[in-house]
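Shown next: input-v7.cif, given as mmCIF, C-alpha atoms.
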```cif
data_start
loop_
_atom_site.label_atom_id
_atom_site.label_comp_id
_atom_site.auth_asym_id
_atom_site.auth_seq_id
_atom_site.Cartn_x
_atom_site.Cartn_y
_atom_site.Cartn_z
CA MET A 968 -76.29 227.42 92.33
CA ALA A 969 -77.43 224.24 90.58
CA PRO A 970 -76.79 220.89 92.25
CA TYR A 971 -73.45 219.21 91.72
CA ALA A 972 -74.00 216.07 89.64
CA SER A 973 -72.59 212.77 90.87
CA ASP A 974 -72.38 209.10 89.99
CA ASP A 975 -70.81 205.80 91.13
CA THR A 976 -67.27 205.14 89.97
CA THR A 977 -63.88 203.87 91.07
CA SER A 978 -61.38 206.29 92.52
CA GLY A 979 -57.93 206.42 90.96
CA ARG A 980 -54.65 206.15 92.70
CA ARG A 981 -53.73 209.24 94.64
CA LYS A 982 -50.46 210.94 93.81
CA ALA A 983 -48.28 211.46 96.87
CA VAL A 984 -46.83 214.96 97.18
CA ARG A 985 -43.94 215.19 99.65
CA TYR A 986 -43.93 218.64 101.13
CA VAL A 987 -43.64 218.35 104.91
CA VAL A 988 -42.10 216.28 107.67
CA PRO A 989 -44.07 213.58 109.50
CA ALA A 990 -46.35 213.33 112.53
CA THR A 991 -49.09 211.00 113.66
CA VAL A 992 -52.71 211.17 112.55
CA VAL A 993 -55.87 209.35 111.54
CA GLY A 994 -55.33 206.58 108.96
CA VAL A 995 -57.91 204.75 106.82
CA ALA A 996 -58.00 201.98 103.68
CA ALA A 997 -59.54 202.19 99.33
CA ALA A 998 -61.99 201.31 96.56
CA THR A 999 -65.19 202.77 95.01
CA ILE A 1000 -67.50 205.63 96.03
CA GLY A 1001 -71.21 206.40 96.05
CA LEU A 1002 -72.06 209.99 95.14
CA VAL A 1003 -75.11 212.19 95.81
CA PRO A 1004 -75.84 215.79 94.75
CA ALA A 1005 -75.55 218.85 96.99
CA LEU A 1006 -76.10 222.63 96.80
CA ALA A 1007 -73.69 225.50 97.40
CA ASP A 1008 -74.55 228.44 99.66
CA SER A 1009 -75.23 231.66 97.76
CA GLY A 1010 -72.56 233.60 99.64
CA ASP A 1011 -69.76 231.20 98.71
CA PRO A 1012 -67.51 231.45 95.63
CA ASP A 1013 -69.17 230.82 92.28
CA LEU A 1014 -67.13 228.00 90.75
CA PRO A 1015 -67.77 225.64 87.81
CA LYS A 1016 -69.78 222.52 88.60
CA ILE A 1017 -67.75 219.46 89.50
CA THR A 1018 -68.58 215.91 90.58
CA ALA A 1019 -67.10 214.22 93.62
CA GLN A 1020 -65.18 211.85 91.37
CA GLN A 1021 -63.71 214.76 89.42
CA LEU A 1022 -62.76 216.50 92.66
CA ILE A 1023 -61.03 213.38 93.99
CA GLU A 1024 -59.14 213.15 90.70
CA LYS A 1025 -58.20 216.81 91.08
CA ILE A 1026 -56.72 216.08 94.51
CA ALA A 1027 -54.82 213.09 93.07
CA ALA A 1028 -53.44 215.19 90.21
CA SER A 1029 -52.30 218.04 92.47
CA ASP A 1030 -48.58 218.58 91.96
CA VAL A 1031 -47.91 221.33 94.49
CA GLU A 1032 -44.33 220.99 95.70
CA GLN A 1033 -43.51 224.60 96.55
CA LEU A 1034 -45.45 226.47 99.20
CA SER A 1035 -45.30 228.33 102.48
CA GLY A 1036 -48.00 229.10 104.96
CA THR A 1037 -49.51 228.75 108.40
CA VAL A 1038 -51.65 225.82 109.55
CA LYS A 1039 -53.84 225.78 112.64
CA ILE A 1040 -54.61 222.31 113.96
CA THR A 1041 -56.98 221.38 116.77
CA THR A 1042 -57.29 217.80 118.02
CA ASP A 1043 -59.94 216.85 120.57
CA LEU A 1044 -60.16 213.14 121.33
CA GLY A 1045 -61.92 213.87 124.62
CA LEU A 1046 -59.04 212.64 126.76
CA PRO A 1047 -58.75 213.88 130.34
CA ASP A 1048 -55.83 216.09 131.32
CA LEU A 1049 -52.81 213.83 131.78
CA GLY A 1050 -51.24 216.21 134.27
CA GLY A 1051 -47.96 214.90 135.65
CA LEU A 1052 -48.54 211.47 134.09
CA ALA A 1053 -47.45 212.73 130.68
CA GLY A 1054 -44.13 213.82 132.09
CA SER A 1055 -43.48 210.52 133.86
CA LEU A 1056 -44.32 208.54 130.73
CA ALA A 1057 -42.04 210.78 128.67
CA SER A 1058 -39.25 210.13 131.16
CA ALA A 1059 -39.89 206.41 130.83
CA GLY A 1060 -39.24 206.82 127.11
CA GLY A 1061 -35.67 207.79 127.89
CA GLY A 1062 -35.52 211.53 128.40
CA ALA A 1063 -37.04 214.87 127.77
CA GLY A 1064 -39.57 214.84 125.03
CA GLY A 1065 -39.85 211.08 125.24
CA SER A 1066 -36.74 210.44 123.15
CA LYS A 1067 -34.76 207.31 123.99
CA ASP A 1068 -31.67 209.39 123.23
CA GLY A 1069 -32.66 211.98 125.84
CA SER A 1070 -33.13 214.91 123.43
CA SER A 1071 -36.08 217.28 123.67
CA ALA A 1072 -35.43 218.03 119.98
CA ASP A 1073 -36.11 214.49 118.71
CA PRO A 1074 -38.91 214.92 116.11
CA SER A 1075 -40.23 211.37 116.59
CA ALA A 1076 -41.30 212.40 120.08
CA ARG A 1077 -41.94 216.14 119.85
CA LEU A 1078 -44.41 216.08 116.97
CA THR A 1079 -46.69 213.75 118.93
CA GLU A 1080 -47.68 216.89 120.87
CA LEU A 1081 -50.04 217.59 117.97
CA ALA A 1082 -52.24 214.70 119.12
CA SER A 1083 -54.11 217.00 121.51
CA GLY A 1084 -55.00 220.66 121.93
CA THR A 1085 -54.65 223.54 119.49
CA HIS A 1086 -51.36 224.30 117.76
CA THR A 1087 -50.05 226.64 115.09
CA LEU A 1088 -47.57 225.39 112.50
CA ARG A 1089 -45.54 227.40 110.05
CA ILE A 1090 -44.59 225.28 107.05
CA ALA A 1091 -42.48 225.66 103.93
CA ALA A 1092 -41.56 223.29 101.13
CA ASP A 1093 -39.47 223.24 97.99
CA GLY A 1094 -39.84 219.80 96.45
CA PRO A 1095 -39.19 216.43 98.14
CA ASP A 1096 -35.71 217.36 99.41
CA ARG A 1097 -36.45 220.55 101.33
CA GLN A 1098 -39.19 220.99 103.92
CA LYS A 1099 -39.52 222.87 107.18
CA VAL A 1100 -42.20 222.70 109.87
CA SER A 1101 -42.14 224.94 112.93
CA LEU A 1102 -44.37 224.41 115.95
CA LEU A 1103 -45.01 227.85 117.42
CA GLU A 1104 -45.28 227.92 121.20
CA ASP A 1105 -45.85 230.74 123.72
CA ALA A 1106 -42.25 231.79 124.22
CA ALA A 1107 -40.39 229.28 122.07
CA GLU A 1108 -40.35 227.48 118.76
CA TYR A 1109 -39.70 223.90 117.76
CA SER A 1110 -38.61 223.25 114.17
CA VAL A 1111 -37.90 220.26 111.95
CA ILE A 1112 -35.86 220.98 108.84
CA HIS A 1113 -35.21 218.52 106.01
CA ASN A 1114 -32.55 219.80 103.61
CA GLY A 1115 -31.03 217.28 101.21
CA THR A 1116 -29.64 214.41 103.25
CA ASP A 1117 -29.87 216.24 106.58
CA VAL A 1118 -32.83 216.22 108.96
CA TRP A 1119 -32.62 218.59 111.92
CA GLY A 1120 -34.84 219.05 114.95
CA TYR A 1121 -34.34 222.19 117.05
CA ASP A 1122 -35.95 223.12 120.38
CA SER A 1123 -35.28 226.79 121.13
CA ALA A 1124 -36.58 226.47 124.70
CA SER A 1125 -33.91 223.94 125.72
CA ASN A 1126 -31.39 224.92 123.02
CA GLU A 1127 -31.16 221.28 121.97
CA VAL A 1128 -30.60 219.93 118.46
CA TYR A 1129 -31.36 216.49 117.03
CA HIS A 1130 -29.67 215.47 113.77
CA SER A 1131 -30.19 212.47 111.51
CA THR A 1132 -29.57 211.72 107.84
CA ALA A 1133 -31.52 210.42 104.89
CA PRO A 1134 -29.65 208.68 102.03
CA GLU A 1135 -29.18 210.51 98.72
CA GLY A 1136 -32.33 210.43 96.62
CA SER A 1137 -34.65 209.70 99.54
CA ASP A 1138 -37.15 211.60 101.62
CA ALA A 1139 -36.94 212.33 105.34
CA ARG A 1140 -37.84 208.73 106.10
CA GLY A 1141 -34.90 207.37 104.18
CA LYS A 1142 -37.07 205.96 101.40
CA GLU A 1143 -36.53 206.39 97.69
CA HIS A 1144 -38.62 209.05 96.03
CA GLY A 1145 -41.57 207.57 94.21
CA LYS A 1146 -41.33 204.35 96.27
CA GLY A 1147 -44.12 205.09 98.70
CA GLY A 1148 -42.04 207.18 101.05
CA ALA A 1149 -44.20 210.30 101.19
CA GLU A 1150 -44.02 211.96 104.58
CA GLN A 1151 -47.04 211.79 106.85
CA ALA A 1152 -47.60 215.34 107.98
CA PRO A 1153 -50.13 217.23 110.10
CA THR A 1154 -51.50 219.17 107.14
CA PRO A 1155 -54.88 219.07 105.37
CA LYS A 1156 -53.16 217.29 102.45
CA GLU A 1157 -51.93 214.38 104.53
CA PHE A 1158 -55.18 214.05 106.46
CA ALA A 1159 -57.15 214.03 103.19
CA ASP A 1160 -54.87 211.44 101.55
CA GLN A 1161 -55.32 209.08 104.50
CA ALA A 1162 -59.08 209.58 104.73
CA LEU A 1163 -59.65 208.98 101.02
CA LYS A 1164 -57.96 205.59 101.32
CA ALA A 1165 -61.04 204.44 103.23
CA VAL A 1166 -63.51 205.41 100.51
CA ASP A 1167 -65.37 202.31 99.34
CA GLY A 1168 -68.82 201.10 98.38
CA THR A 1169 -70.05 201.78 101.94
CA THR A 1170 -69.11 205.45 101.70
CA SER A 1171 -71.15 208.48 100.68
CA VAL A 1172 -68.99 211.10 98.93
CA THR A 1173 -70.50 214.43 97.86
CA VAL A 1174 -69.49 217.91 96.77
CA ASP A 1175 -71.22 220.16 99.29
CA GLY A 1176 -70.84 223.54 97.61
CA THR A 1177 -67.91 225.95 97.82
CA VAL A 1178 -66.02 227.81 100.55
CA HIS A 1179 -63.26 230.38 101.11
CA VAL A 1180 -60.17 229.11 102.96
CA ALA A 1181 -57.06 231.23 103.58
CA GLY A 1182 -58.25 233.67 100.91
CA ARG A 1183 -58.58 230.91 98.32
CA ASP A 1184 -61.67 229.63 96.46
CA ALA A 1185 -62.32 225.99 97.29
CA TYR A 1186 -64.75 223.13 96.76
CA LYS A 1187 -66.06 221.28 99.82
CA LEU A 1188 -65.84 217.48 99.62
CA VAL A 1189 -67.82 215.56 102.26
CA VAL A 1190 -67.11 211.90 103.08
CA LYS A 1191 -69.53 209.92 105.27
CA PRO A 1192 -69.06 206.25 106.23
CA LYS A 1193 -72.17 204.07 106.13
CA ASP A 1194 -70.54 201.29 108.17
CA SER A 1195 -72.43 201.10 111.48
CA ALA A 1196 -69.27 199.97 113.26
CA SER A 1197 -67.41 203.20 112.44
CA THR A 1198 -67.17 206.04 114.96
CA VAL A 1199 -66.51 208.55 112.17
CA GLY A 1200 -69.50 210.81 111.52
CA ALA A 1201 -68.30 212.89 108.58
CA ILE A 1202 -65.12 214.24 107.02
CA SER A 1203 -65.08 217.60 105.26
CA ILE A 1204 -62.20 218.52 102.93
CA ALA A 1205 -61.86 222.00 101.40
CA VAL A 1206 -60.02 221.58 98.07
CA ASP A 1207 -58.31 224.53 96.39
CA ALA A 1208 -60.15 225.14 93.11
CA LYS A 1209 -56.99 226.07 91.23
CA THR A 1210 -54.31 223.67 92.49
CA GLY A 1211 -56.35 220.75 93.89
CA LEU A 1212 -54.47 221.01 97.20
CA PRO A 1213 -56.58 220.26 100.30
CA LEU A 1214 -56.66 223.47 102.34
CA LYS A 1215 -58.76 222.36 105.31
CA PHE A 1216 -59.71 219.02 106.86
CA THR A 1217 -62.40 218.51 109.49
CA LEU A 1218 -63.40 215.19 111.04
CA THR A 1219 -66.47 215.01 113.29
CA PRO A 1220 -67.38 211.90 115.29
CA LYS A 1221 -70.65 210.02 114.96
CA SER A 1222 -71.40 210.95 118.57
CA GLY A 1223 -71.57 214.63 117.56
CA GLY A 1224 -70.07 217.70 119.17
CA ALA A 1225 -66.86 219.49 118.25
CA ALA A 1226 -64.54 218.18 115.56
CA VAL A 1227 -62.01 215.52 116.60
CA VAL A 1228 -59.54 216.90 114.07
CA ASP A 1229 -59.72 220.36 112.50
CA ALA A 1230 -56.67 221.33 110.45
CA GLY A 1231 -56.58 224.18 107.98
CA PHE A 1232 -54.40 226.80 106.38
CA THR A 1233 -54.90 230.31 107.72
CA GLN A 1234 -52.36 231.60 105.20
CA VAL A 1235 -50.90 229.91 102.14
CA HIS A 1236 -48.64 231.00 99.26
CA PHE A 1237 -47.47 228.90 96.32
CA ALA A 1238 -44.27 230.79 95.49
CA LYS A 1239 -40.90 229.09 95.92
CA PRO A 1240 -39.54 229.75 99.44
CA ALA A 1241 -36.12 231.34 99.74
CA ALA A 1242 -33.31 228.75 99.82
CA SER A 1243 -32.18 230.17 103.18
CA THR A 1244 -35.45 228.95 104.71
CA PHE A 1245 -34.00 225.45 104.85
CA ASP A 1246 -30.53 226.37 106.08
CA PHE A 1247 -29.70 225.30 109.62
CA THR A 1248 -26.57 225.48 111.75
CA PRO A 1249 -26.70 224.45 115.42
CA PRO A 1250 -26.61 227.57 117.60
CA LYS A 1251 -23.56 228.19 119.74
CA GLY A 1252 -23.70 226.21 122.97
CA ALA A 1253 -26.54 223.94 121.78
CA LYS A 1254 -26.54 220.31 122.84
CA VAL A 1255 -26.47 218.20 119.64
CA THR A 1256 -27.71 214.60 119.62
CA GLU A 1257 -26.96 212.44 116.59
CA GLY A 1258 -29.67 210.00 115.49
CA ASP A 1259 -28.86 206.42 114.51
CA ASP A 1260 -29.57 206.85 110.78
CA ALA A 1261 -32.50 207.56 108.45
CA ASP A 1262 -34.41 204.77 110.20
CA HIS A 1263 -34.59 206.98 113.27
CA SER A 1264 -35.14 210.28 111.52
CA VAL A 1265 -38.23 212.43 111.52
CA ALA A 1266 -40.61 209.49 111.30
CA GLY A 1267 -39.01 207.57 114.14
CA LYS A 1268 -38.61 203.79 114.03
CA GLU A 1269 -40.94 202.78 111.23
CA LYS A 1270 -41.52 199.08 110.57
CA GLY A 1271 -44.54 199.28 108.32
CA ASP A 1272 -46.70 201.47 106.15
CA ALA A 1273 -50.11 200.29 107.30
CA ALA A 1274 -52.71 203.04 107.02
CA LEU A 1275 -55.29 201.93 109.54
CA PRO A 1276 -58.68 203.47 110.33
CA GLY A 1277 -58.41 205.28 113.63
CA ALA A 1278 -55.21 203.48 114.53
CA ALA A 1279 -52.66 206.11 113.56
CA GLY A 1280 -49.16 205.35 114.74
CA LEU A 1281 -49.77 201.62 115.09
CA GLY A 1282 -48.34 200.81 111.67
CA GLY A 1283 -44.85 200.50 113.11
CA LEU A 1284 -45.66 197.82 115.68
CA ASP A 1285 -44.25 194.32 115.36
CA GLY A 1286 -46.82 191.54 114.91
CA LEU A 1287 -49.57 193.93 113.85
CA ASN A 1288 -52.58 192.39 112.08
CA VAL A 1289 -55.41 194.27 110.39
CA LEU A 1290 -58.85 192.73 110.88
CA GLY A 1291 -61.51 193.75 108.36
CA ASP A 1292 -61.13 196.61 105.91
CA GLY A 1293 -62.28 200.14 105.16
CA TRP A 1294 -63.98 202.07 107.95
CA GLY A 1295 -64.41 198.95 110.08
CA SER A 1296 -60.71 198.02 110.13
CA ILE A 1297 -59.25 197.05 113.49
CA ALA A 1298 -55.56 196.87 114.38
CA ALA A 1299 -54.75 193.83 116.50
CA PHE A 1300 -51.49 192.87 118.18
CA ASP A 1301 -50.19 190.99 121.18
CA THR A 1302 -48.11 192.94 123.70
CA GLY A 1303 -46.47 189.68 124.71
CA SER A 1304 -46.84 190.64 128.35
CA GLY A 1305 -49.36 187.91 129.11
CA SER A 1306 -51.33 190.44 131.16
CA GLY A 1307 -53.57 193.42 130.44
CA LEU A 1308 -53.42 196.87 132.03
CA PRO A 1309 -50.65 197.26 134.61
CA SER A 1310 -52.09 197.86 138.08
CA ALA A 1311 -50.99 200.15 140.86
CA GLY A 1312 -49.25 197.13 142.32
CA SER A 1313 -46.95 197.11 139.30
CA GLY A 1314 -45.39 200.29 140.63
CA GLY A 1315 -43.70 203.11 138.73
CA ASP A 1316 -44.84 204.54 135.42
CA ALA A 1317 -46.41 201.27 134.22
CA GLY A 1318 -48.74 201.22 137.21
CA ALA A 1319 -49.64 204.89 136.78
CA PHE A 1320 -50.45 204.30 133.12
CA GLY A 1321 -52.63 201.30 133.95
CA ASP A 1322 -54.53 203.24 136.62
CA PHE A 1323 -55.00 206.12 134.18
CA LEU A 1324 -56.52 203.91 131.49
CA GLY A 1325 -58.60 201.92 133.91
CA SER A 1326 -60.07 205.07 135.47
CA PHE A 1327 -62.18 205.79 132.39
CA GLY A 1328 -62.32 202.40 130.70
CA ASP A 1329 -65.18 199.90 130.57
CA LYS A 1330 -64.70 196.32 131.73
CA VAL A 1331 -65.96 193.82 129.14
CA THR A 1332 -66.15 190.05 128.83
CA GLY A 1333 -66.62 187.60 125.98
CA THR A 1334 -65.34 184.40 124.43
CA PHE A 1335 -61.86 185.99 124.56
CA GLY A 1336 -62.06 186.30 128.35
CA SER A 1337 -62.14 189.74 129.93
CA GLY A 1338 -60.53 193.11 129.37
CA THR A 1339 -60.91 196.89 129.39
CA VAL A 1340 -62.15 199.13 126.59
CA PHE A 1341 -60.32 202.44 126.53
CA LYS A 1342 -62.52 205.08 124.87
CA THR A 1343 -61.98 208.41 123.12
CA ARG A 1344 -64.34 210.40 120.92
CA LEU A 1345 -62.97 208.60 117.84
CA VAL A 1346 -60.51 205.80 118.52
CA ASN A 1347 -61.38 202.96 120.91
CA ALA A 1348 -59.09 200.18 122.12
CA LEU A 1349 -59.77 196.88 123.86
CA ILE A 1350 -56.91 195.64 126.02
CA THR A 1351 -57.56 192.07 127.13
CA ASP A 1352 -56.42 190.69 130.45
CA ASP A 1353 -53.97 188.40 128.62
CA GLY A 1354 -52.21 191.30 126.89
CA LYS A 1355 -53.86 191.49 123.47
CA VAL A 1356 -54.89 194.83 121.98
CA TYR A 1357 -57.65 195.61 119.44
CA ALA A 1358 -57.91 199.24 118.33
CA GLY A 1359 -59.62 201.33 115.68
CA ALA A 1360 -62.14 204.07 114.92
CA VAL A 1361 -64.90 201.58 115.68
CA THR A 1362 -67.46 200.96 118.41
CA LYS A 1363 -66.89 199.00 121.62
CA ASP A 1364 -69.14 196.22 120.33
CA ALA A 1365 -67.03 195.92 117.16
CA LEU A 1366 -63.87 195.50 119.24
CA VAL A 1367 -65.45 192.81 121.44
CA LYS A 1368 -66.69 190.97 118.35
CA ALA A 1369 -63.20 191.10 116.80
CA ALA A 1370 -61.63 189.72 119.99
CA ASP A 1371 -64.23 186.94 120.18
CA THR A 1372 -63.67 185.98 116.54
CA ALA A 1373 -59.88 185.87 117.06
CA ALA A 1374 -60.30 183.73 120.20
CA LYS A 1375 -62.30 181.13 118.27
CA LYS A 1376 -59.57 180.60 115.69
#
```
Conversion result in C-alpha cells:
Amino acid sequence: MAPYASDDTTSGRRKAVRYVVPATVVGVAAATIGLVPALADSGDPDLPKITAQQLIEKIAASDVEQLSGTVKITTDLGLPDLGGLAGSLASAGGGAGGSKDGSSADPSARLTELASGTHTLRIAADGPDRQKVSLLEDAAEYSVIHNGTDVWGYDSASNEVYHSTAPEGSDARGKEHGKGGAEQAPTPKEFADQALKAVDGTTSVTVDGTVHVAGRDAYKLVVKPKDSASTVGAISIAVDAKTGLPLKFTLTPKSGGAAVVDAGFTQVHFAKPAASTFDFTPPKGAKVTEGDDADHSVAGKEKGDAALPGAAGLGGLDGLNVLGDGWGSIAAFDTGSGSGLPSAGSGGDAGAFGDFLGSFGDKVTGTFGSGTVFKTRLVNALITDDGKVYAGAVTKDALVKAADTAAKK
C-alpha cells in the first residue's frame, strides 16, 4: 500500500464516551502533534488512506455507547511477587479487598487487581446510565453494575455485595453527564483517551498501516514521545475503521521487552445489550455493604481529575502538584509524615511496606537531601527521607532534578 500522508496540526478536543465503570491506569497531558508517513503490511486489511490527524479526529468523533464484548488486559510493571505483603496491606485498608468498609465487593479496591498480571473482562454498555464489567476468575466472578442511580459490586466467591448510588442524571462517579465525569475504565478506549492527552510538539504520531482486531478492520496509530525524560517507548492504538473506537492499546517501555500494558478486545459487538444484562438483585444470604454516597462509588474517593503521565491513581491525593507537562510531568506531594520509607523498626504493615520498597529501590542524594527511588518498568517514584514523593513515567534523574528544583524554592 502507498504511504499514509501526514502533517503537523493541532489535535481537537476528544469526546468522552461513557461506557464502562472505572479502574486505575496510565494517565498523560495535550497539544499539537508531529506526523510522519508509514507503510501497511500487505497481509493486513486494505483500507482507505488516512492521516494521523484524521485518525485522531475519528477517535474523538466516535459515539459508540452500546456494545458488549470481552477484553483481555495484561499489565507488567516488573514488580516482584508481593506474596503475603499484599494481604497484610489490604487488611490495613480496613478489610477484605482493601475496603475501609470491610467488603470484598467494594469496586474501589477490587478493580485495582488489574494493575498486575493478565485478566479477562466481560463488558457491556447501553449509554451513560447502564454499564457492566465482570472480572472473570478461575472459579468465581466479580462484577460491577451501574444501572440508573444504582452502582453494585458483587463478589461471587465471598457472596458479598457492595452498593452505592449516583444522583439522577450523573454517571457512576456522581458527576453530571457532559461535565467531565466520564468513567476511567480498563478498556482500549480509556487507555487511548488518556495517552492522547500527552500528545504535543515533542511527540511523533504516525499511522502504521492496518490490522485485524477481534474480527474488525482497524488502523494502527503509533505514538512515540521524544522527551528524553520519559520512560515510555511507544504506544500503539488499533482504531476500528468503521466506528473509530479503539480496539487495542499497547504501551511498551523505552527499556524494551514485553509491553507494560496490553489491553484489547478479543470479541466485540455493537448491538444493544439486553436490558436484563444490567439487572441486579443481591443473592439470598449475601452480605450487603452500603457505600457512603456517589463520592464513594465505583471510582472511590475522588478529589481531583488530574490526568498525570505515569502517575495513575494519584489524582485523588490532597496537596498534589504537577511539575512540568506532557510526557515529562511529575506528580509531587508531601505525605506529611516528616519521614521517608517506614523501616522494620516501625513495626506492622508500615514497616513491611517500607522494607519491601527499600529492597529494590536506589538510594539517591541531592540538594533536597536523601531518599529512595522506587522503580518499575514504567513508573518511577522518589520518596525523600523527609516524606515528600515525586512520581511519574520519567527517569530517576528527572525525579532527582525535580526534587532539587523544589528544594531550592
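As for atom CA of Pro1240 of chain A and atom CA of Ala1162 of chain A, they are spaced 28.6 Å apart.
Atom CA of Thr1037 of chain A to atom CA of Thr1087 of chain A spans 7.0 Å [interatomic distance, one decimal].
Residues selected in this file by the PyMOL selection byres ((chain A and resi 1124) around 9) comprise Ala1106, Ala1107, Glu1108, Tyr1109, Asp1122, Ser1123, Ser1125, Asn1126 and Glu1127 of chain A.
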Since I can't run it myself right now, could you work out what the PyMOL selection byres ((chain A and resi 1031) around 8) selects here and report it as a list in words? Val984, Ser1029, Asp1030, Glu1032, Gln1033, Leu1034, Thr1210, Leu1212 and Phe1237 of chain A
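Using all atoms listed in the file for every distance, the candidate list A:Ala1360, A:Ile1040, A:Val1128, A:Ala1019 yields A:Val1128 as the residue closest to Pro1249 of chain A.
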Restricting the calculation to all atoms listed in the file: of A:Ala1242, A:Gln1020, A:Val1289, A:Val1190, which residue gets closest to Asp1096 of chain A? A:Ala1242
Target residues per the PyMOL selection byres ((chain A and resi 1154) around 8), formatted as a PyMOL selection string: chain A and resi 1038+1152-1153+1155-1158+1230-1231
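One finds atom CA of Ser1203 of chain A at 5.8 Å from atom CA of Phe1216 of chain A.
Non-sequential neighbours of Val1111 of chain A (distance at most 9 Å, separation of 4 or more positions within a chain, only C-alpha atoms) are Val988, Ala1072, Pro1074, Gln1098, Lys1099, Val1100, Ser1101, Leu1102, Val1118, Trp1119, Gly1120, Tyr1121 and Val1265 of chain A.
Of the residues under consideration (A:Val1255, A:Ile1026, A:Ala1076, A:Val1346), A:Ile1026 shows the shortest atom-to-atom contact distance to Asp1207 of chain A when counting all atoms listed in the file.
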List as a PyMOL selection string the protein and nucleic acid residues near Pro1192 of chain A, meaning an atom at most 12 Å away when all atoms listed in the file are counted, but skip any in the same chain fewer than 2 places from it. chain A and resi 995+1000-1001+1162-1163+1165-1173+1189-1190+1194-1202+1218-1221+1276+1293-1295+1360-1361
